[in-house]
$ cat run-v2.pdb   # PDB, C-alpha atoms and all ligand atoms
ATOM      1  CA  MET A   1       0.000   0.000   0.000
ATOM      2  CA  ARG A   2       1.152   3.552  -0.683
ATOM      3  CA  ILE A   3      -0.128   7.009   0.200
ATOM      4  CA  GLU A   4      -0.128   9.787  -2.409
ATOM      5  CA  ARG A   5      -1.520  13.268  -2.732
ATOM      6  CA  ILE A   6      -4.748  13.013  -4.734
ATOM      7  CA  ARG A   7      -4.511  13.360  -8.525
ATOM      8  CA  PRO A   8      -7.102  13.117 -11.330
ATOM      9  CA  GLN A   9      -5.625   9.737 -12.365
ATOM     10  CA  HIS A  10      -6.684   8.124  -9.090
ATOM     11  CA  VAL A  11      -9.808   5.972  -9.340
ATOM     12  CA  LEU A  12     -12.376   7.257  -6.858
ATOM     13  CA  LYS A  13     -15.712   6.222  -8.328
ATOM     14  CA  ASP A  14     -16.111   2.901  -6.487
ATOM     15  CA  PHE A  15     -14.924   4.096  -3.072
ATOM     16  CA  ASP A  16     -17.263   2.941  -0.288
ATOM     17  CA  CYS A  17     -16.398   3.207   3.413
ATOM     18  CA  GLY A  18     -19.982   2.635   4.567
ATOM     19  CA  VAL A  19     -20.634   6.336   5.226
ATOM     20  CA  LYS A  20     -22.412   7.967   2.274
ATOM     21  CA  GLU A  21     -21.376  11.519   3.176
ATOM     22  CA  LEU A  22     -17.670  10.612   3.151
ATOM     23  CA  ASN A  23     -17.926   8.616  -0.102
ATOM     24  CA  GLU A  24     -19.700  11.476  -1.828
ATOM     25  CA  TRP A  25     -17.263  14.083  -0.587
ATOM     26  CA  LEU A  26     -14.304  12.102  -1.955
ATOM     27  CA  ILE A  27     -15.923  11.325  -5.295
ATOM     28  CA  LYS A  28     -17.508  14.733  -5.933
ATOM     29  CA  HIS A  29     -15.379  17.321  -4.142
ATOM     30  CA  ALA A  30     -11.868  16.171  -3.242
ATOM     31  CA  ILE A  31     -10.191  16.882  -6.607
ATOM     32  CA  GLU A  32     -11.934  20.230  -7.064
ATOM     33  CA  ASN A  33     -11.059  21.293  -3.506
ATOM     34  CA  GLU A  34      -7.452  20.337  -4.157
ATOM     35  CA  ARG A  35      -7.333  22.502  -7.262
ATOM     36  CA  ARG A  36      -8.855  25.456  -5.393
ATOM     37  CA  ASP A  37      -6.611  25.064  -2.303
ATOM     38  CA  LEU A  38      -9.641  24.437  -0.096
ATOM     39  CA  SER A  39      -8.323  21.166   1.308
ATOM     40  CA  ARG A  40      -5.477  18.723   0.822
ATOM     41  CA  THR A  41      -6.403  15.097   0.318
ATOM     42  CA  PHE A  42      -4.086  12.112   0.567
ATOM     43  CA  VAL A  43      -5.194   8.737  -0.757
ATOM     44  CA  LEU A  44      -4.230   5.182   0.071
ATOM     45  CA  LEU A  45      -3.673   2.973  -2.964
ATOM     46  CA  GLY A  46      -3.126  -0.725  -3.463
ATOM     47  CA  ASP A  47      -1.404  -2.203  -6.523
ATOM     48  CA  SER A  48      -3.508  -0.150  -8.918
ATOM     49  CA  ASP A  49      -4.672   3.470  -8.846
ATOM     50  CA  GLU A  50      -7.881   2.452  -7.076
ATOM     51  CA  VAL A  51      -8.354   4.456  -3.881
ATOM     52  CA  VAL A  52      -8.955   2.332  -0.762
ATOM     53  CA  GLY A  53      -8.623   5.077   1.838
ATOM     54  CA  PHE A  54      -8.204   8.809   2.210
ATOM     55  CA  TYR A  55      -7.911  11.709   4.578
ATOM     56  CA  SER A  56      -8.125  15.452   4.100
ATOM     57  CA  LEU A  57      -6.496  18.372   5.895
ATOM     58  CA  THR A  58      -7.105  22.098   6.142
ATOM     59  CA  VAL A  59      -5.694  24.739   8.460
ATOM     60  CA  GLY A  60      -7.581  26.963  10.855
ATOM     61  CA  GLY A  61      -7.635  28.599  14.231
ATOM     62  CA  VAL A  62      -9.368  27.813  17.489
ATOM     63  CA  ASN A  63     -10.366  30.112  20.328
ATOM     64  CA  VAL A  64      -9.248  28.942  23.792
ATOM     65  CA  GLU A  65     -12.879  28.757  24.890
ATOM     66  CA  LYS A  66     -13.478  25.991  22.348
ATOM     67  CA  LEU A  67     -10.616  23.859  23.647
ATOM     68  CA  PRO A  68     -10.807  21.115  26.276
ATOM     69  CA  LYS A  69      -9.884  22.796  29.619
ATOM     70  CA  LYS A  70      -6.670  20.820  29.962
ATOM     71  CA  LEU A  71      -5.404  22.003  26.567
ATOM     72  CA  ALA A  72      -6.495  25.636  27.041
ATOM     73  CA  LYS A  73      -4.466  26.331  30.186
ATOM     74  CA  GLY A  74      -2.264  29.439  29.945
ATOM     75  CA  LEU A  75      -3.065  30.182  26.295
ATOM     76  CA  PRO A  76      -3.744  33.737  25.070
ATOM     77  CA  LYS A  77      -7.230  34.773  23.997
ATOM     78  CA  PHE A  78      -6.543  35.011  20.257
ATOM     79  CA  ASP A  79      -7.043  32.101  17.862
ATOM     80  CA  ILE A  80      -4.478  29.336  18.180
ATOM     81  CA  GLY A  81      -3.288  27.596  15.002
ATOM     82  CA  MET A  82      -4.565  24.119  14.272
ATOM     83  CA  VAL A  83      -4.624  21.599  11.449
ATOM     84  CA  LEU A  84      -8.077  20.109  10.893
ATOM     85  CA  LEU A  85      -8.281  16.482   9.872
ATOM     86  CA  GLY A  86     -11.690  16.916   8.301
ATOM     87  CA  ARG A  87     -12.237  13.376   7.059
ATOM     88  CA  LEU A  88     -10.539  10.017   7.228
ATOM     89  CA  ALA A  89     -11.968   6.789   5.846
ATOM     90  CA  ILE A  90     -11.013   3.297   4.752
ATOM     91  CA  SER A  91     -12.897   1.223   2.176
ATOM     92  CA  SER A  92     -15.233  -1.302   3.856
ATOM     93  CA  LYS A  93     -13.512  -4.146   2.030
ATOM     94  CA  VAL A  94     -10.181  -3.498   3.829
ATOM     95  CA  GLN A  95     -11.281  -2.116   7.210
ATOM     96  CA  GLY A  96      -9.859  -3.703  10.369
ATOM     97  CA  GLN A  97      -6.378  -4.349   8.913
ATOM     98  CA  GLY A  98      -4.531  -1.428  10.470
ATOM     99  CA  LEU A  99      -4.882   0.850   7.436
ATOM    100  CA  GLY A 100      -6.872   3.503   9.322
ATOM    101  CA  ARG A 101      -3.988   3.643  11.775
ATOM    102  CA  ASP A 102      -1.499   4.015   8.873
ATOM    103  CA  LEU A 103      -3.494   6.944   7.490
ATOM    104  CA  MET A 104      -3.712   8.546  10.933
ATOM    105  CA  VAL A 105       0.086   8.308  11.341
ATOM    106  CA  ASP A 106       0.562   9.933   7.932
ATOM    107  CA  ALA A 107      -1.964  12.676   8.796
ATOM    108  CA  ILE A 108      -0.158  13.431  12.060
ATOM    109  CA  LEU A 109       3.181  13.680  10.244
ATOM    110  CA  HIS A 110       1.735  16.053   7.638
ATOM    111  CA  ALA A 111       0.054  18.111  10.380
ATOM    112  CA  SER A 112       3.361  18.250  12.204
ATOM    113  CA  VAL A 113       5.239  19.622   9.176
ATOM    114  CA  ALA A 114       2.500  22.205   8.545
ATOM    115  CA  GLY A 115       2.415  23.045  12.248
ATOM    116  CA  ASP A 116       6.162  23.422  12.460
ATOM    117  CA  ASN A 117       6.226  25.863   9.557
ATOM    118  CA  ALA A 118       3.184  27.896  10.522
ATOM    119  CA  ALA A 119       2.965  27.418  14.300
ATOM    120  CA  ALA A 120      -0.067  25.177  14.570
ATOM    121  CA  ARG A 121      -0.395  23.765  18.078
ATOM    122  CA  PHE A 122      -3.259  21.308  17.632
ATOM    123  CA  ILE A 123      -4.599  18.699  15.302
ATOM    124  CA  SER A 124      -8.372  18.507  15.456
ATOM    125  CA  VAL A 125     -10.958  16.124  14.050
ATOM    126  CA  ASP A 126     -14.685  16.235  13.294
ATOM    127  CA  PRO A 127     -15.894  12.695  14.045
ATOM    128  CA  ILE A 128     -18.817  11.746  11.848
ATOM    129  CA  ASP A 129     -20.505   9.553  14.494
ATOM    130  CA  GLU A 130     -19.994   7.859  17.860
ATOM    131  CA  SER A 131     -17.955   5.037  16.356
ATOM    132  CA  ALA A 132     -15.568   7.522  14.734
ATOM    133  CA  ARG A 133     -15.332   9.348  18.078
ATOM    134  CA  GLY A 134     -14.130   6.095  19.636
ATOM    135  CA  PHE A 135     -11.520   5.644  16.899
ATOM    136  CA  TYR A 136     -10.093   9.124  17.486
ATOM    137  CA  ALA A 137     -10.233   8.857  21.280
ATOM    138  CA  ALA A 138      -8.016   5.767  20.981
ATOM    139  CA  PHE A 139      -5.352   8.050  19.440
ATOM    140  CA  GLY A 140      -5.582  10.538  22.341
ATOM    141  CA  PHE A 141      -7.976  13.114  20.864
ATOM    142  CA  GLN A 142      -9.946  14.860  23.601
ATOM    143  CA  ASP A 143     -13.562  16.010  23.735
ATOM    144  CA  ILE A 144     -14.335  19.620  24.553
ATOM    145  CA  GLY A 145     -16.462  18.355  27.447
ATOM    146  CA  GLY A 146     -19.835  19.553  28.668
ATOM    147  CA  ASP A 147     -22.864  19.054  26.477
ATOM    148  CA  GLU A 148     -21.227  20.068  23.258
ATOM    149  CA  LEU A 149     -20.193  16.949  21.344
ATOM    150  CA  GLY A 150     -18.194  17.979  18.345
ATOM    151  CA  ARG A 151     -14.645  18.630  17.386
ATOM    152  CA  MET A 152     -11.878  16.767  19.231
ATOM    153  CA  TYR A 153      -8.342  18.019  19.804
ATOM    154  CA  LEU A 154      -4.834  16.690  20.330
ATOM    155  CA  ARG A 155      -1.586  18.635  20.696
ATOM    156  CA  ILE A 156       0.574  17.936  17.646
ATOM    157  CA  ILE A 157       3.669  17.660  19.821
ATOM    158  CA  ASP A 158       1.999  14.915  21.907
ATOM    159  CA  ALA A 159       0.801  13.060  18.812
ATOM    160  CA  VAL A 160       4.326  13.050  17.359
ATOM    161  CA  ALA A 161       5.854  11.978  20.707
ATOM    162  CA  ALA A 162       3.411   9.054  20.843
ATOM    163  CA  LEU A 163       4.436   7.981  17.324
ATOM    164  CA  GLU A 164       8.125   8.192  18.279
ATOM    165  CA  GLU A 165       7.486   6.054  21.364
ATOM    166  CA  VAL A 166       5.820   3.380  19.242
ATOM    167  CA  SER A 167       8.650   3.376  16.684
ATOM    168  CA  ASP A 168      11.269   3.143  19.490
ATOM    169  CA  GLU A 169       9.473   0.070  20.856
ATOM    170  CA  ASN A 170       9.623  -1.674  17.436
TER     171      ASN A 170
HETATM  172  C1  LIG B   1     -12.850   4.475  11.425
HETATM  173  C2  LIG B   1     -12.003   3.813  10.328
HETATM  174  C3  LIG B   1     -11.243   4.908   9.576
HETATM  175  C4  LIG B   1     -11.012   2.851  10.977
HETATM  176  O1  LIG B   1     -10.169   2.304   9.964
HETATM  177  P1  LIG B   1      -9.650   0.784  10.062
HETATM  178  O2  LIG B   1      -8.651   0.561   8.985
HETATM  179  O3  LIG B   1     -10.808  -0.122  10.091
HETATM  180  O4  LIG B   1      -8.959   0.830  11.496
HETATM  181  P2  LIG B   1      -7.617   0.073  11.933
HETATM  182  O5  LIG B   1      -7.732  -1.359  11.540
HETATM  183  O6  LIG B   1      -6.440   0.812  11.430
HETATM  184  O7  LIG B   1      -7.691   0.230  13.503
HETATM  185  C5  LIG B   1      -6.773   1.039  14.211
HETATM  186  C6  LIG B   1      -7.127   1.005  15.668
HETATM  187  O8  LIG B   1      -8.345   1.711  15.877
HETATM  188  C7  LIG B   1      -9.287   0.872  16.520
HETATM  189  N1  LIG B   1     -10.585   1.191  15.961
HETATM  190  C8  LIG B   1     -10.998   1.017  14.690
HETATM  191  N2  LIG B   1     -12.264   1.468  14.550
HETATM  192  C9  LIG B   1     -12.633   1.912  15.785
HETATM  193  C10 LIG B   1     -13.820   2.481  16.330
HETATM  194  N3  LIG B   1     -14.873   2.698  15.548
HETATM  195  N4  LIG B   1     -13.838   2.819  17.635
HETATM  196  C11 LIG B   1     -12.764   2.613  18.436
HETATM  197  N5  LIG B   1     -11.613   2.077  17.991
HETATM  198  C12 LIG B   1     -11.559   1.739  16.685
HETATM  199  C13 LIG B   1      -8.862  -0.549  16.163
HETATM  200  O9  LIG B   1      -9.329  -1.471  17.101
HETATM  201  C14 LIG B   1      -7.370  -0.404  16.185
HETATM  202  O10 LIG B   1      -6.882  -0.427  17.517
HETATM  203  P3  LIG B   1      -5.690  -1.432  17.948
HETATM  204  O11 LIG B   1      -4.537  -1.113  17.041
HETATM  205  O12 LIG B   1      -5.455  -1.081  19.372
HETATM  206  O13 LIG B   1      -6.259  -2.778  17.708
HETATM  207  C15 LIG B   1     -12.878   2.998   9.329
HETATM  208  O14 LIG B   1     -13.614   2.048  10.051
HETATM  209  C16 LIG B   1     -13.829   3.847   8.515
HETATM  210  O15 LIG B   1     -13.457   4.341   7.461
HETATM  211  N6  LIG B   1     -15.066   3.966   8.969
HETATM  212  C17 LIG B   1     -16.083   4.728   8.245
HETATM  213  C18 LIG B   1     -15.740   6.205   8.157
HETATM  214  C19 LIG B   1     -15.420   6.849   9.475
HETATM  215  O16 LIG B   1     -16.081   6.618  10.491
HETATM  216  N7  LIG B   1     -14.376   7.716   9.456
HETATM  217  C20 LIG B   1     -13.897   8.424  10.640
HETATM  218  C21 LIG B   1     -14.599   9.694  10.858
HETATM  219  S1  LIG B   1     -14.494  10.947   9.662
END

$ encode --input "run-v2.pdb" --output "structure tokens"
Amino acid sequence: MRIERIRPQHVLKDFDCGVKELNEWLIKHAIENERRDLSRTFVLLGDSDEVVGFYSLTVGGVNVEKLPKKLAKGLPKFDIGMVLLGRLAISSKVQGQGLGRDLMVDAILHASVAGDNAAARFISVDPIDESARGFYAAFGFQDIGGDELGRMYLRIIDAVAALEEVSDEN
């Protein structure tokens, strides 16, 4: 398997991760958004150019009041840089084989490079449902807390340290 930045040659039309909204976004919008610099999408490919997974990134800012309390401590009141992992999905036919994890590692590394160059402190995610929330929580992403269930956050520096720990163990 290999991960590449999305190109028109990649075959998207049959992609199905079980979540219609994510399939449709990839098939209808990912290439156009790439061209217009609205998002960056990276795709996972097998032997052919058929896409079996993808994630997309954009950059943004977050006000301290929107952050989980633990992550907001001591921060100034202007927007803090973040990289948003807007979507991540693996084709239903290859789920449960560690490929979602591979994409997450790649997303964290890309977020880290962007963050290093433009001072982004967080990587954030918009889980599409409860199951996705569980997937992200397993990587250390934190809920805002309270009643508002939405975006989850992780410090990029902590995400990278966790990856380094895993690679040191292997
Ligand atoms: C969520 C998704 C990306 C996971 O991809 P995957 O390739 O099946 O996951 P992996 O096999 O790489 O699993 C990685 C780890 O996450 C865990 N995991 C996978 N799905 C999970 C879930 N829904 N909740 C909690 N943990 C989950 C796995 O158990 C595994 O942990 P382990 O290494 O400790 O065993 C995939 O199921 C998917 O595309 N689902 C539909 C779209 C979606 O929900 N996207 C995310 C929100 S935008």

$ residues_near_ligand --input "run-v2.pdb" --ligand "ligand LIG 1 (chain B)" --cutoff "9 Å" --atoms "only C-alpha atoms and all ligand atoms" --output "ChimeraX atom specification"
/A:16-19,22-23,53-55,85-92,94-104,125-139

$ residues_around --input "run-v2.pdb" --residues "Val83 of chain A" --least-positions-apart "5" --cutoff "12 Å" --atoms "only C-alpha atoms" --output "ChimeraX atom specification"
/A:39-40,56-62,107-126,152-156

$ write_last_selection --input "run-v2.pdb" --atoms "C-alpha atoms" --output "CSV table (one decimal), in the frame of the given file"
chain,number,residue,atom,x,y,z
A,39,SER,CA,-8.3,21.2,1.3
A,40,ARG,CA,-5.5,18.7,0.8
A,56,SER,CA,-8.1,15.5,4.1
A,57,LEU,CA,-6.5,18.4,5.9
A,58,THR,CA,-7.1,22.1,6.1
A,59,VAL,CA,-5.7,24.7,8.5
A,60,GLY,CA,-7.6,27.0,10.9
A,61,GLY,CA,-7.6,28.6,14.2
A,62,VAL,CA,-9.4,27.8,17.5
A,107,ALA,CA,-2.0,12.7,8.8
A,108,ILE,CA,-0.2,13.4,12.1
A,109,LEU,CA,3.2,13.7,10.2
A,110,HIS,CA,1.7,16.1,7.6
A,111,ALA,CA,0.1,18.1,10.4
A,112,SER,CA,3.4,18.2,12.2
A,113,VAL,CA,5.2,19.6,9.2
A,114,ALA,CA,2.5,22.2,8.5
A,115,GLY,CA,2.4,23.0,12.2
A,116,ASP,CA,6.2,23.4,12.5
A,117,ASN,CA,6.2,25.9,9.6
A,118,ALA,CA,3.2,27.9,10.5
A,119,ALA,CA,3.0,27.4,14.3
A,120,ALA,CA,-0.1,25.2,14.6
A,121,ARG,CA,-0.4,23.8,18.1
A,122,PHE,CA,-3.3,21.3,17.6
A,123,ILE,CA,-4.6,18.7,15.3
A,124,SER,CA,-8.4,18.5,15.5
A,125,VAL,CA,-11.0,16.1,14.0
A,126,ASP,CA,-14.7,16.2,13.3
A,152,MET,CA,-11.9,16.8,19.2
A,153,TYR,CA,-8.3,18.0,19.8
A,154,LEU,CA,-4.8,16.7,20.3
A,155,ARG,CA,-1.6,18.6,20.7
A,156,ILE,CA,0.6,17.9,17.6

$ atom_distance --input "run-v2.pdb" --atom1 "atom CA of Val11 of chain A" --atom2 "atom CA of Glu50 of chain A"
4.6 Å

$ atom_distance --input "run-v2.pdb" --atom1 "atom CA of Met82 of chain A" --atom2 "atom CA of Ile157 of chain A"
11.8 Å

$ residues_around --input "run-v2.pdb" --residues "Leu26 of chain A" --least-positions-apart "5" --cutoff "9 Å" --atoms "all atoms listed in the file" --output "MDAnalysis selection string"
chainID A and resid 12:13 15 21 31 41 54

$ write_last_selection --input "run-v2.pdb" --atoms "C-alpha atoms" --output "PDB file, keeping the file's coordinate frame"
ATOM      1  CA  LEU A  12     -12.376   7.257  -6.858  1.00  0.00           C
ATOM      2  CA  LYS A  13     -15.712   6.222  -8.328  1.00  0.00           C
ATOM      3  CA  PHE A  15     -14.924   4.096  -3.072  1.00  0.00           C
ATOM      4  CA  GLU A  21     -21.376  11.519   3.176  1.00  0.00           C
ATOM      5  CA  ILE A  31     -10.191  16.882  -6.607  1.00  0.00           C
ATOM      6  CA  THR A  41      -6.403  15.097   0.318  1.00  0.00           C
ATOM      7  CA  PHE A  54      -8.204   8.809   2.210  1.00  0.00           C
TER       8      PHE A  54
END

$ closest_residue --input "run-v2.pdb" --among "A:Asp168, A:Ile3, A:Asn63, A:Lys69" --to "Gly81 of chain A" --atoms "only C-alpha atoms"
A:Asn63

$ closest_residue --input "run-v2.pdb" --among "A:Glu165, A:Gln142, A:Glu24, A:Leu84" --to "Leu38 of chain A" --atoms "all atoms listed in the file"
A:Leu84

$ atom_distance --input "run-v2.pdb" --atom1 "atom CA of Asp14 of chain A" --atom2 "atom CA of Val105 of chain A"
24.7 Å

$ residues_around --input "run-v2.pdb" --residues "Arg7 of chain A" --least-positions-apart "6" --cutoff "10 Å" --atoms "all atoms listed in the file" --output "CSV table (one decimal) with C-alpha atoms, in the frame of the given file"
chain,number,residue,atom,x,y,z
A,30,ALA,CA,-11.9,16.2,-3.2
A,31,ILE,CA,-10.2,16.9,-6.6
A,34,GLU,CA,-7.5,20.3,-4.2
A,35,ARG,CA,-7.3,22.5,-7.3
A,41,THR,CA,-6.4,15.1,0.3
A,42,PHE,CA,-4.1,12.1,0.6
A,43,VAL,CA,-5.2,8.7,-0.8
A,49,ASP,CA,-4.7,3.5,-8.8

$ residues_around --input "run-v2.pdb" --residues "Glu65 of chain A" --least-positions-apart "3" --cutoff "12 Å" --atoms "only C-alpha atoms" --output "ChimeraX atom specification"
/A:61-62,68-80,144-145

$ write_last_selection --input "run-v2.pdb" --atoms "C-alpha atoms" --output "tab-separated table (two decimals), in the frame of the given file"
chain	number	residue	atom	x	y	z
A	61	GLY	CA	-7.64	28.60	14.23
A	62	VAL	CA	-9.37	27.81	17.49
A	68	PRO	CA	-10.81	21.12	26.28
A	69	LYS	CA	-9.88	22.80	29.62
A	70	LYS	CA	-6.67	20.82	29.96
A	71	LEU	CA	-5.40	22.00	26.57
A	72	ALA	CA	-6.50	25.64	27.04
A	73	LYS	CA	-4.47	26.33	30.19
A	74	GLY	CA	-2.26	29.44	29.94
A	75	LEU	CA	-3.06	30.18	26.30
A	76	PRO	CA	-3.74	33.74	25.07
A	77	LYS	CA	-7.23	34.77	24.00
A	78	PHE	CA	-6.54	35.01	20.26
A	79	ASP	CA	-7.04	32.10	17.86
A	80	ILE	CA	-4.48	29.34	18.18
A	144	ILE	CA	-14.34	19.62	24.55
A	145	GLY	CA	-16.46	18.36	27.45
